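Participant: Have a look at the structure that comes next, please.
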Amino acid sequence: MRPGWDEYFMDIAKLVKLRSTCLRRKVGAVIVKDKRILSTGYNGAPSGLKHCEETGCLRDDQNIPSGERHELCRGLHAEQNAIIQAAMFGVGIQGSTIYTTLSPCILCTKMIINAGIVRIVLSEPYNDGLALDILKESDIELYRIR
């Protein structure tokens with residue numbers, strides 16, 4: 001892609017994150033291939049369920065630090081929602097790039113690898129050493145826009 005496309009799609013991911021209903025951190029993701037947006041996602045509760053804006057934050061209530069015990073949360077991550085949305089509508093994402101406003105956690109990293117995504121462009125780092133180790137072991141290109 002020509003210079004500027006990464007910034008363009010990251011701006012869209014930043015716009016998508018405005019839909020997030022997470023009380024702790026808002027994250028957006030956009031999956032792109034051949035300069036076409038295939039899917040978007042933001043972090044929030046599963047479809048049809050109450051969001052943390054209504055119920056409060058389970059993680060805050062239990063004093064769970066960021067980066068730990070991901071299973072103790074009502075929400076899905078932006079990357080997960082983008083991958084799930086593509087699957088729901090039969091959109092192939094193999095060979096694509098995911099733009100995410102926060103580097104993926106270990107759970108999202110494993111999903112990204114198995115989904116066949118070949119490149120991750122991120123805006124902000126997330127402190128997950130195992131995710132970074134696994135990404136280094138994979139063939140996925142990791143690029144940060146500052």
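Ligands are numbered from 1 in the order shown, residues from 1 within each chain, and chains are lettered A, B, ... in the order they appear in the structure tokens.
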Using backbone DSSP assignments, extract all helix (DSSP H, G or I) residues from range 14-77 of chain A; output them as a list in words.
Facilitator: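 Across range 14-77 of chain A, those assigned helix (DSSP H, G or I) are Lys14, Leu15, Val16, Lys17, Leu18, Arg19, Cys52, Glu53, Glu54, Thr55, Leu58, Arg59, Asp60 and Asp61 of chain A.
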Participant: Quick one: everything within 12 Å of range 7-15 of chain A, counting only C-alpha atoms, minus sequence neighbours fewer than 6 positions away in the same chain. Send it as a ChimeraX atom specification.
Facilitator: /A:1,26-43,78-79,82,97-102,120-124,143-146
Participant: Name all residues at most 12 Å from Ser66 in chain A (count only C-alpha atoms; drop same-chain ones fewer than 3 positions away) and give them as a PyMOL selection string.
Facilitator: chain A and resi 24-25+59-60+62-63+69-70+72-73+105+126-128
Participant: So that I have them on file, write out the residues from the current selection with N, CA, C and O atoms, as a PDB file, in the first residue's frame.
Facilitator:
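Heads up, here's the output in result.pdb:
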```
ATOM      1  N   ARG A  24     -13.388   0.767  30.902  1.00  0.00           N
ATOM      2  CA  ARG A  24     -11.949   0.860  31.192  1.00  0.00           C
ATOM      3  C   ARG A  24     -11.141   1.406  30.023  1.00  0.00           C
ATOM      4  O   ARG A  24     -10.288   2.261  30.188  1.00  0.00           O
ATOM      5  N   ARG A  25     -11.354   0.838  28.850  1.00  0.00           N
ATOM      6  CA  ARG A  25     -10.527   1.191  27.693  1.00  0.00           C
ATOM      7  C   ARG A  25     -11.318   0.939  26.415  1.00  0.00           C
ATOM      8  O   ARG A  25     -11.854  -0.141  26.227  1.00  0.00           O
ATOM      9  N   ARG A  59     -14.662  -6.217  36.218  1.00  0.00           N
ATOM     10  CA  ARG A  59     -13.226  -6.232  36.505  1.00  0.00           C
ATOM     11  C   ARG A  59     -12.864  -5.174  37.549  1.00  0.00           C
ATOM     12  O   ARG A  59     -12.043  -5.420  38.424  1.00  0.00           O
ATOM     13  N   ASP A  60     -13.470  -4.018  37.451  1.00  0.00           N
ATOM     14  CA  ASP A  60     -13.235  -2.982  38.466  1.00  0.00           C
ATOM     15  C   ASP A  60     -13.781  -3.428  39.818  1.00  0.00           C
ATOM     16  O   ASP A  60     -13.135  -3.234  40.845  1.00  0.00           O
ATOM     17  N   GLN A  62     -13.980  -6.308  41.004  1.00  0.00           N
ATOM     18  CA  GLN A  62     -13.138  -7.357  41.595  1.00  0.00           C
ATOM     19  C   GLN A  62     -11.659  -6.952  41.648  1.00  0.00           C
ATOM     20  O   GLN A  62     -10.813  -7.793  41.942  1.00  0.00           O
ATOM     21  N   ASN A  63     -11.364  -5.709  41.347  1.00  0.00           N
ATOM     22  CA  ASN A  63      -9.986  -5.185  41.370  1.00  0.00           C
ATOM     23  C   ASN A  63      -9.025  -6.029  40.530  1.00  0.00           C
ATOM     24  O   ASN A  63      -7.906  -6.329  40.964  1.00  0.00           O
ATOM     25  N   ARG A  69      -6.668 -12.174  33.713  1.00  0.00           N
ATOM     26  CA  ARG A  69      -7.994 -12.790  33.847  1.00  0.00           C
ATOM     27  C   ARG A  69      -9.000 -12.273  32.824  1.00  0.00           C
ATOM     28  O   ARG A  69     -10.088 -11.826  33.166  1.00  0.00           O
ATOM     29  N   HIS A  70      -8.630 -12.342  31.559  1.00  0.00           N
ATOM     30  CA  HIS A  70      -9.491 -11.843  30.479  1.00  0.00           C
ATOM     31  C   HIS A  70     -10.881 -12.475  30.495  1.00  0.00           C
ATOM     32  O   HIS A  70     -11.840 -11.875  30.006  1.00  0.00           O
ATOM     33  N   LEU A  72     -12.793 -12.924  32.907  1.00  0.00           N
ATOM     34  CA  LEU A  72     -13.693 -12.264  33.852  1.00  0.00           C
ATOM     35  C   LEU A  72     -14.073 -10.878  33.329  1.00  0.00           C
ATOM     36  O   LEU A  72     -13.700  -9.851  33.876  1.00  0.00           O
ATOM     37  N   CYS A  73     -14.840 -10.889  32.254  1.00  0.00           N
ATOM     38  CA  CYS A  73     -15.266  -9.645  31.615  1.00  0.00           C
ATOM     39  C   CYS A  73     -16.485  -9.957  30.761  1.00  0.00           C
ATOM     40  O   CYS A  73     -16.536 -11.005  30.107  1.00  0.00           O
ATOM     41  N   CYS A 105      -4.067  -8.694  22.751  1.00  0.00           N
ATOM     42  CA  CYS A 105      -3.718  -9.550  23.889  1.00  0.00           C
ATOM     43  C   CYS A 105      -3.395 -10.947  23.352  1.00  0.00           C
ATOM     44  O   CYS A 105      -3.532 -11.216  22.153  1.00  0.00           O
ATOM     45  N   TYR A 126       0.216  -2.694  24.219  1.00  0.00           N
ATOM     46  CA  TYR A 126      -0.458  -3.311  25.358  1.00  0.00           C
ATOM     47  C   TYR A 126       0.552  -4.260  25.984  1.00  0.00           C
ATOM     48  O   TYR A 126       1.215  -5.017  25.275  1.00  0.00           O
ATOM     49  N   ASN A 127       0.680  -4.219  27.254  1.00  0.00           N
ATOM     50  CA  ASN A 127       1.713  -4.988  27.952  1.00  0.00           C
ATOM     51  C   ASN A 127       1.302  -6.457  28.073  1.00  0.00           C
ATOM     52  O   ASN A 127       0.732  -6.860  29.077  1.00  0.00           O
ATOM     53  N   ASP A 128       1.577  -7.228  27.033  1.00  0.00           N
ATOM     54  CA  ASP A 128       1.315  -8.663  27.045  1.00  0.00           C
ATOM     55  C   ASP A 128       2.508  -9.352  26.399  1.00  0.00           C
ATOM     56  O   ASP A 128       2.568  -9.517  25.178  1.00  0.00           O
TER      57      ASP A 128
END
```
Participant: Running DSSP on the backbone, which parts of range 49-136 of chain A land in strand (DSSP E or B), as a ChimeraX atom specification?
Facilitator: /A:76,97-102,119-124
Participant: Between CA of His51 in chain A and CA of Leu132 in chain A, what is the distance, to one decimal in Å?
Facilitator: 29.4 Å
